[in-house]
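Visitor: Below is the file final.txt, with compact mmCIF, C-alpha atoms and all ligand atoms.
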```txt
# COMPACT_ATOMS: atom_id res chain seq x y z
CA VAL A 1 3.65 -0.26 2.79
CA GLU A 2 6.91 1.49 1.94
CA THR A 3 7.49 2.29 5.62
CA ILE A 4 6.80 -1.33 6.51
CA ARG A 5 9.27 -2.41 3.87
CA ARG A 6 11.92 -0.13 5.35
CA GLY A 7 11.31 -1.46 8.83
CA LEU A 8 11.45 -5.06 7.69
CA ASP A 9 14.56 -4.46 5.65
CA ALA A 10 16.34 -2.90 8.64
CA ASN A 11 15.29 -5.76 10.91
CA LEU A 12 15.38 -8.87 8.73
CA ARG A 13 18.33 -8.41 6.40
CA GLY A 14 20.88 -11.13 7.06
CA CYS A 15 18.59 -13.12 9.38
CA GLU A 16 18.21 -16.85 9.01
CA ILE A 17 14.71 -18.27 8.90
CA LEU A 18 14.61 -21.13 11.39
CA ARG A 19 11.04 -22.33 11.51
CA VAL A 20 7.76 -21.54 9.76
CA THR A 21 4.49 -22.33 11.53
CA ILE A 22 1.17 -21.87 9.75
CA HIS A 23 -1.82 -21.80 12.09
CA GLU A 24 -4.39 -20.74 9.52
CA ARG A 25 -3.86 -21.12 5.78
CA ARG A 26 -7.10 -19.54 4.57
CA LEU A 27 -6.11 -16.05 3.50
CA ARG A 28 -7.31 -14.36 0.28
CA ARG A 29 -5.65 -17.28 -1.46
CA PRO A 30 -4.86 -20.34 0.65
CA ILE A 31 -1.25 -20.54 1.78
CA ASP A 32 0.68 -23.37 0.15
CA VAL A 33 1.94 -24.80 3.43
CA ALA A 34 4.51 -27.24 2.06
CA ARG A 35 5.98 -24.57 -0.16
CA LEU A 36 6.14 -21.90 2.54
CA LYS A 37 7.91 -24.37 4.84
CA THR A 38 10.80 -24.47 2.37
CA LEU A 39 11.70 -20.99 3.61
CA GLU A 40 13.30 -22.75 6.56
CA GLY A 41 17.08 -22.50 6.50
CA ARG A 42 17.12 -19.58 4.06
CA ILE A 43 18.72 -16.19 4.71
CA VAL A 44 16.93 -12.90 4.10
CA ARG A 45 18.95 -10.89 1.56
CA GLY A 46 16.80 -7.79 1.62
CA VAL A 47 13.23 -6.56 1.54
CA GLY A 48 11.77 -4.85 -1.51
CA ARG A 49 8.35 -3.65 -2.54
CA ARG A 50 6.21 -3.50 -5.62
CA ALA A 51 2.90 -1.61 -5.34
CA LYS A 52 1.43 -2.86 -2.04
CA TYR A 53 3.35 -6.11 -2.05
CA VAL A 54 6.26 -6.60 0.31
CA LEU A 55 8.87 -8.79 -1.36
CA ILE A 56 11.30 -10.56 0.90
CA ASP A 57 14.29 -11.71 -1.11
CA VAL A 58 15.80 -14.97 0.13
CA GLY A 59 18.26 -15.45 -2.73
CA GLU A 60 18.25 -17.57 -5.88
CA GLU A 61 15.46 -15.40 -7.32
CA LEU A 62 13.09 -16.68 -4.68
CA ILE A 63 10.65 -14.22 -3.19
CA TRP A 64 8.52 -14.49 -0.09
CA LEU A 65 5.58 -12.25 -0.97
CA LEU A 66 3.38 -10.57 1.60
CA HIS A 67 0.26 -8.48 1.07
CA LEU A 68 -1.44 -7.15 4.17
CA GLY A 69 -4.93 -6.86 2.70
CA MET A 70 -7.38 -4.76 4.70
CA SER A 71 -6.35 -5.62 8.23
CA GLY A 72 -3.06 -7.50 8.09
CA ARG A 73 -0.17 -6.68 10.38
CA VAL A 74 3.35 -7.92 10.72
CA LEU A 75 5.06 -7.75 14.07
CA LEU A 76 8.47 -8.68 15.32
CA VAL A 77 8.23 -10.32 18.71
CA PRO A 78 10.54 -12.27 21.00
CA THR A 79 10.31 -15.98 20.10
CA GLU A 80 8.80 -16.92 23.47
CA THR A 81 5.80 -14.60 22.97
CA PRO A 82 2.63 -16.74 23.05
CA ARG A 83 0.43 -16.89 19.99
CA GLY A 84 -1.80 -13.81 19.80
CA GLY A 85 -5.30 -13.32 18.42
CA HIS A 86 -5.66 -13.76 14.66
CA GLU A 87 -2.08 -14.87 14.38
CA HIS A 88 -2.00 -17.02 11.27
CA VAL A 89 1.69 -17.40 10.54
CA ARG A 90 4.82 -17.27 12.68
CA VAL A 91 8.31 -17.29 11.25
CA GLU A 92 11.07 -17.81 13.78
CA LEU A 93 14.36 -16.08 13.04
CA ASP A 94 17.80 -16.43 14.52
CA GLY A 95 18.56 -13.94 17.28
CA GLY A 96 15.51 -14.96 19.34
CA ARG A 97 12.89 -13.10 17.37
CA ALA A 98 9.90 -14.12 15.32
CA LEU A 99 7.95 -12.40 12.59
CA VAL A 100 4.25 -12.78 13.24
CA TYR A 101 1.45 -12.26 10.75
CA ARG A 102 -1.93 -11.23 12.15
CA ASP A 103 -5.00 -10.58 10.06
CA PRO A 104 -8.52 -10.56 11.54
CA ARG A 105 -10.27 -10.29 8.16
CA ARG A 106 -7.88 -12.57 6.28
CA PHE A 107 -7.81 -10.57 3.05
CA GLY A 108 -4.03 -10.68 3.07
CA LEU A 109 -1.78 -12.88 1.04
CA MET A 110 1.37 -14.88 1.65
CA ARG A 111 3.14 -16.71 -1.14
CA PHE A 112 6.56 -18.06 -1.88
CA GLY A 113 8.15 -18.76 -5.23
CA LEU A 114 10.24 -17.53 -8.11
CA ALA A 115 9.69 -13.84 -8.78
CA ALA A 116 8.77 -14.62 -12.37
CA GLU A 117 5.99 -17.01 -11.43
CA LEU A 118 4.16 -14.83 -8.90
CA ASP A 119 1.19 -13.65 -10.94
CA GLU A 120 0.40 -10.83 -8.47
CA LEU A 121 3.41 -8.97 -9.80
CA ARG A 122 2.31 -8.85 -13.42
CA ASP A 123 0.46 -5.89 -14.96
CA LEU A 124 1.46 -3.36 -12.32
CA GLY A 125 1.93 0.24 -13.40
CA PRO A 126 5.05 2.31 -12.69
CA GLU A 127 5.98 3.12 -9.12
CA PRO A 128 4.92 6.69 -8.27
CA ILE A 129 8.11 7.42 -6.39
CA GLY A 130 10.41 5.66 -8.81
CA ASN A 131 12.15 7.07 -11.85
CA GLY A 132 9.68 5.68 -14.36
CA PHE A 133 6.92 8.01 -13.30
CA ASP A 134 6.33 11.53 -14.61
CA GLY A 135 3.65 13.75 -16.06
CA LYS A 136 4.31 12.54 -19.56
CA ALA A 137 3.61 8.89 -18.75
CA LEU A 138 0.46 9.88 -16.92
CA ARG A 139 -0.77 12.08 -19.79
CA GLU A 140 -0.51 9.29 -22.30
CA ARG A 141 -2.66 7.00 -20.23
CA LEU A 142 -5.24 9.43 -18.84
CA ARG A 143 -6.18 11.20 -22.04
CA VAL A 144 -7.68 8.09 -23.58
CA THR A 145 -9.93 6.98 -20.76
CA ARG A 146 -13.41 8.20 -19.83
CA ARG A 147 -13.10 7.04 -16.24
CA ASP A 148 -13.07 9.58 -13.46
CA ILE A 149 -9.65 10.62 -12.24
CA LYS A 150 -10.12 9.18 -8.75
CA ALA A 151 -10.84 5.68 -10.11
CA ALA A 152 -7.85 5.99 -12.42
CA LEU A 153 -5.52 6.89 -9.54
CA LEU A 154 -6.67 3.81 -7.64
CA ASP A 155 -6.04 1.52 -10.62
CA GLN A 156 -2.86 -0.41 -9.85
CA ARG A 157 -2.17 -0.94 -13.56
CA LEU A 158 -1.95 2.81 -14.07
CA ILE A 159 0.13 3.73 -11.03
CA ALA A 160 1.16 1.14 -8.50
CA GLY A 161 0.30 1.53 -4.86
CA ILE A 162 -2.01 4.52 -4.36
CA GLY A 163 -4.79 3.91 -1.83
CA ASN A 164 -8.01 5.82 -1.26
CA ILE A 165 -6.68 8.18 1.40
CA TYR A 166 -3.80 9.36 -0.75
CA ALA A 167 -5.88 9.57 -3.93
CA ASN A 168 -8.12 12.10 -2.16
CA GLU A 169 -5.18 14.07 -0.82
CA ILE A 170 -3.42 14.09 -4.19
CA LEU A 171 -6.46 15.51 -5.98
CA PHE A 172 -6.87 18.23 -3.38
CA ARG A 173 -3.23 19.17 -3.77
CA ALA A 174 -3.66 19.27 -7.55
CA GLY A 175 -6.89 21.29 -7.36
CA VAL A 176 -8.87 18.73 -9.36
CA ARG A 177 -12.23 17.22 -8.37
CA PRO A 178 -12.33 13.43 -7.96
CA THR A 179 -15.29 13.10 -10.34
CA ARG A 180 -13.60 14.74 -13.34
CA ARG A 181 -13.39 12.53 -16.42
CA CYS A 182 -9.80 11.78 -17.36
CA PHE A 183 -10.08 12.55 -21.07
CA ARG A 184 -11.40 16.04 -20.28
CA LEU A 185 -8.46 16.98 -18.06
CA ARG A 186 -6.13 19.68 -19.32
CA LEU A 187 -2.47 18.91 -19.72
CA SER A 188 -1.64 21.43 -17.01
CA GLU A 189 -4.00 19.62 -14.65
CA ILE A 190 -2.45 16.24 -15.37
CA ASP A 191 0.98 17.71 -14.71
CA ARG A 192 -0.24 19.07 -11.38
CA ILE A 193 -1.62 15.64 -10.51
CA ALA A 194 1.69 13.96 -11.37
CA CYS A 195 3.50 16.47 -9.17
CA ALA A 196 1.04 15.97 -6.32
CA VAL A 197 1.42 12.18 -6.50
CA ARG A 198 5.13 12.45 -5.86
CA GLU A 199 4.85 15.16 -3.22
CA VAL A 200 2.08 13.61 -1.15
CA LEU A 201 3.56 10.12 -1.15
CA SER A 202 7.07 11.30 -0.32
CA GLU A 203 5.84 13.46 2.54
CA ALA A 204 3.74 10.65 3.96
CA ILE A 205 6.64 8.20 3.80
CA ASP A 206 9.07 10.66 5.40
CA LEU A 207 6.71 11.45 8.26
CA ARG A 208 5.76 7.93 9.02
CA GLY A 209 9.25 6.70 8.46
CA THR A 210 10.49 8.78 11.35
CA SER A 211 7.99 7.35 13.81
CA PHE A 212 8.70 3.76 12.86
CA SER A 213 9.43 1.29 15.64
CA ASP A 214 9.37 -2.49 15.79
CA TYR A 215 5.63 -2.46 15.44
CA LEU A 216 4.77 -2.64 11.79
CA ASP A 217 1.17 -1.90 11.02
CA SER A 218 -0.48 -1.41 7.73
CA ASP A 219 -4.13 -0.83 8.39
CA GLY A 220 -3.83 2.43 6.46
CA SER A 221 -5.91 4.25 9.04
CA PRO A 222 -5.40 8.00 8.93
CA GLY A 223 -4.91 8.22 12.69
CA SER A 224 -1.85 6.03 12.61
CA TYR A 225 0.49 8.36 10.77
CA GLN A 226 1.33 11.98 11.26
CA PHE A 227 0.65 13.22 7.77
CA GLU A 228 -1.78 16.11 8.10
CA LEU A 229 -4.79 15.19 5.99
CA ALA A 230 -6.27 18.06 4.00
CA VAL A 231 -9.55 16.44 2.97
CA PHE A 232 -9.76 12.74 3.76
CA ASP A 233 -12.34 11.95 6.46
CA ARG A 234 -12.96 15.68 7.02
CA GLU A 235 -16.56 15.99 5.82
CA ASP A 236 -18.11 19.35 6.88
CA GLU A 237 -14.85 20.54 8.40
CA PRO A 238 -13.34 23.76 7.00
CA CYS A 239 -10.93 23.53 4.07
CA ARG A 240 -7.43 24.31 5.35
CA HIS A 241 -6.91 26.56 2.34
CA CYS A 242 -10.14 28.54 1.86
CA GLY A 243 -12.39 27.68 4.82
CA ALA A 244 -15.26 26.20 2.76
CA LYS A 245 -16.81 22.99 4.08
CA ILE A 246 -15.24 19.78 2.81
CA GLN A 247 -17.70 17.71 0.78
CA ARG A 248 -18.07 13.98 0.73
CA ARG A 249 -19.39 11.84 -2.14
CA SER A 250 -19.58 8.11 -2.33
CA HIS A 251 -18.83 6.55 -5.65
CA GLY A 252 -17.54 3.19 -6.72
CA GLY A 253 -17.93 1.99 -3.12
CA ARG A 254 -15.28 4.47 -1.98
CA SER A 255 -15.63 7.85 -0.32
CA SER A 256 -14.33 10.91 -2.06
CA PHE A 257 -13.60 14.08 -0.11
CA PHE A 258 -12.96 17.43 -1.77
CA CYS A 259 -13.27 21.20 -1.46
CA SER A 260 -15.72 22.53 -4.02
CA ARG A 261 -13.94 25.91 -4.04
CA CYS A 262 -10.33 24.74 -4.33
CA GLN A 263 -10.97 21.79 -6.64
CA LEU A 264 -12.48 22.45 -10.05
ZN ZN B 1 -10.85 25.06 -0.21
```
Will you turn the file into structure tokens for me?
Ligand SMILES: [Zn+2]

Guide:
Amino acid sequence: VETIRRGLDANLRGCEILRVTIHERRLRRPIDVARLKTLEGRIVRGVGRRAKYVLIDVGEELIWLLHLGMSGRVLLVPTETPRGGHEHVRVELDGGRALVYRDPRRFGLMRFGLAAELDELRDLGPEPIGNGFDGKALRERLRVTRRDIKAALLDQRLIAGIGNIYANEILFRAGVRPTRRCFRLRLSEIDRIACAVREVLSEAIDLRGTSFSDYLDSDGSPGSYQFELAVFDREDEPCRHCGAKIQRRSHGGRSSFFCSRCQL
């Protein structure tokens, strides 16, 4: 989502929003059509992000919020491009371009309002690549929960914006098994996890950031970025570190991948 934010910021900043067309309002929450139409005539000041939410700032504390759900995509196309499949929203901009929102599964979200009244933005944990995140903050929160560390990493209230792929990669990097209970982790292990969070996310953003074009996708599929995955989706393949077979376990409806030799 951070790479999408960067792409949108580079492309939309300073653009005027000319026309908003909503073809399908039934996303995860229904789009408030009348409200979204009031984007017309506003200028994009910049594009920010909080957790997995893209926040398009149009001034006067008003935020156009976008969440891409499971299958959402935003594309910038020439205005004359005909409506594509699963295109639910089209926002025409000056300069002959339009921002198009496509989402086959419609788990995404599009809202518009004052930053303070968007309830999605409440209760989010610190940003893993911001200044408010370090081993100390993580220690305080992990040592008092019995949950497993993988579930904790995916909890947006603990750390904002870590998805399943990166949670697996982070735990491999830290040498900690996904099933370990948080309150049993040693301080040194928590510090390694905190370090790995920053490293893995920064590397992924840098790599994908360099291959960014005008096509902004967010399906989170491992094939679509160049980050070399150590464990995710590598069941039975050799560990890149020790050669043992990567294991897969399903828990909490999500797959965990780990090396039973490198991760204790
Ligand atoms: Zn290994």

Visitor: Using all atoms listed in the file, which of the listed residues (A:Leu114, A:Met70, A:Leu76, A:Leu171) sits closest to Asp191 of chain A?

Guide: A:Leu171

Visitor: Could you list, as JSON, numbers by chain, all residues that come within 10 Å of ligand ZN 1 (chain B)? Count all atoms listed in the file.

Guide: {"A": [172, 175, 230, 231, 238, 239, 240, 241, 242, 243, 244, 245, 246, 258, 259, 260, 261, 262, 263]}

Visitor: Excluding Leu142 of chain A and any residue of its chain fewer than 6 positions from it, enumerate the residues within 8 Å of it, using all atoms listed in the file, and give them as an MDAnalysis selection string.

Guide: chainID A and resid 152 182:183

Visitor: Give me, as a list of chain:residue names, all polymer residues having an atom no more than 12 Å from Pro82 of chain A, counting all atoms listed in the file and skipping those fewer than 6 positions away in the same chain.

Guide: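 These residues fall inside the cut-off: A:Arg90, A:Ala98, A:Val100.
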
Visitor: Restricting the output to C-alpha atoms, write the selected residues as a compact mmCIF listing (two decimals), in the frame of the given file.

Guide:
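Dumped everything to selection25.txt:
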```txt
# COMPACT_ATOMS: atom_id res chain seq x y z
CA ARG A 90 4.82 -17.27 12.68
CA ALA A 98 9.90 -14.12 15.32
CA VAL A 100 4.25 -12.78 13.24
```

Visitor: Dump as a list in words all residues having an atom at most 12 Å from (2.8, 16.4, -16.4), computed in the file's coordinates with only C-alpha atoms.

Guide: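 Returned residue set, sorted by chain then number, is Phe133, Asp134, Gly135, Lys136, Ala137, Leu138, Arg139, Glu140, Arg141, Leu142, Arg143, Ala174, Leu185, Arg186, Leu187, Ser188, Glu189, Ile190, Asp191, Arg192, Ile193, Ala194, Cys195, Ala196, Val197 and Arg198 of chain A.
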
Visitor: Just want the 9 Å neighbourhood of segment 38-40 of chain A, counted on only C-alpha atoms, with same-chain residues fewer than 2 positions away dropped. Output as a short mmCIF file (atom, residue, chain, number, x, y, z; two decimals) with C-alpha atoms, keeping the file's coordinate frame.

Guide:
```cif
data_model
loop_
_atom_site.label_atom_id
_atom_site.label_comp_id
_atom_site.auth_asym_id
_atom_site.auth_seq_id
_atom_site.Cartn_x
_atom_site.Cartn_y
_atom_site.Cartn_z
CA GLU A 16 18.21 -16.85 9.01
CA ILE A 17 14.71 -18.27 8.90
CA LEU A 18 14.61 -21.13 11.39
CA ARG A 19 11.04 -22.33 11.51
CA VAL A 20 7.76 -21.54 9.76
CA VAL A 33 1.94 -24.80 3.43
CA ALA A 34 4.51 -27.24 2.06
CA ARG A 35 5.98 -24.57 -0.16
CA LEU A 36 6.14 -21.90 2.54
CA ARG A 42 17.12 -19.58 4.06
CA ILE A 43 18.72 -16.19 4.71
CA VAL A 58 15.80 -14.97 0.13
CA TRP A 64 8.52 -14.49 -0.09
CA VAL A 91 8.31 -17.29 11.25
CA PHE A 112 6.56 -18.06 -1.88
#
```

Visitor: Would you be able to write out as a VMD selection string which residues have an atom within 9 Å of (0.9, 4.4, -0.5) in the file's coordinates, counting all atoms listed in the file?

Guide: chain A and resid 1 to 2 51 to 52 160 to 163 165 to 166 201 204 to 205 220

Visitor: What gap, in Å, lies between atom CA of Glu61 of chain A and atom CA of Val47 of chain A?

Guide: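 Between atom CA of Glu61 of chain A and atom CA of Val47 of chain A the gap works out to 12.7 Å.
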
Visitor: Report, in Å with one decimal, the straight-line distance from atom CA of Arg177 of chain A to atom CA of Ala151 of chain A.

Guide: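 Atom-to-atom, atom CA of Arg177 of chain A to atom CA of Ala151 of chain A, that is 11.8 Å.
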
Visitor: So how far away is atom CA of Ile159 of chain A from atom CA of Phe232 of chain A, in Å?

Guide: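 Computing the Euclidean distance for atom CA of Phe232 of chain A and atom CA of Ile159 of chain A yields 19.9 Å.
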
Visitor: Could you tell me which of A:Lys37, A:Arg29, A:Arg97, A:Arg13 comes closest to Gly59 of chain A if we count all atoms listed in the file?

Guide: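 Checking each of A:Lys37, A:Arg29, A:Arg97, A:Arg13 against Gly59 of chain A, counting all atoms listed in the file, the winner is A:Arg13.
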
Visitor: Which residue out of A:Ala115, A:Leu93, A:Leu55, A:Val200 has the minimum interatomic distance to Thr21 of chain A when all atoms listed in the file are used?

Guide: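 Using all atoms listed in the file, Thr21 of chain A sits closest to A:Leu93.
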
Visitor: Of the residues A:Leu66, A:Met110, A:Leu264, A:Leu124, which is the one nearest to Thr179 of chain A, using only C-alpha atoms?

Guide: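 When distances to Thr179 of chain A are compared using only C-alpha atoms, the smallest one comes from A:Leu264.
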
Visitor: Could you check which of A:Arg50, A:Arg111, A:His67, A:His23 is closest to Gly84 of chain A, using only C-alpha atoms?

Guide: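 Using only C-alpha atoms, the shortest distance to Gly84 of chain A belongs to A:His23.
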
Visitor: Could you check which of A:Arg173, A:Arg106, A:Arg249, A:Arg49 is closest to Arg5 of chain A, using only C-alpha atoms?

Guide: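 Among A:Arg173, A:Arg106, A:Arg249, A:Arg49, it is A:Arg49 that comes nearest to Arg5 of chain A.
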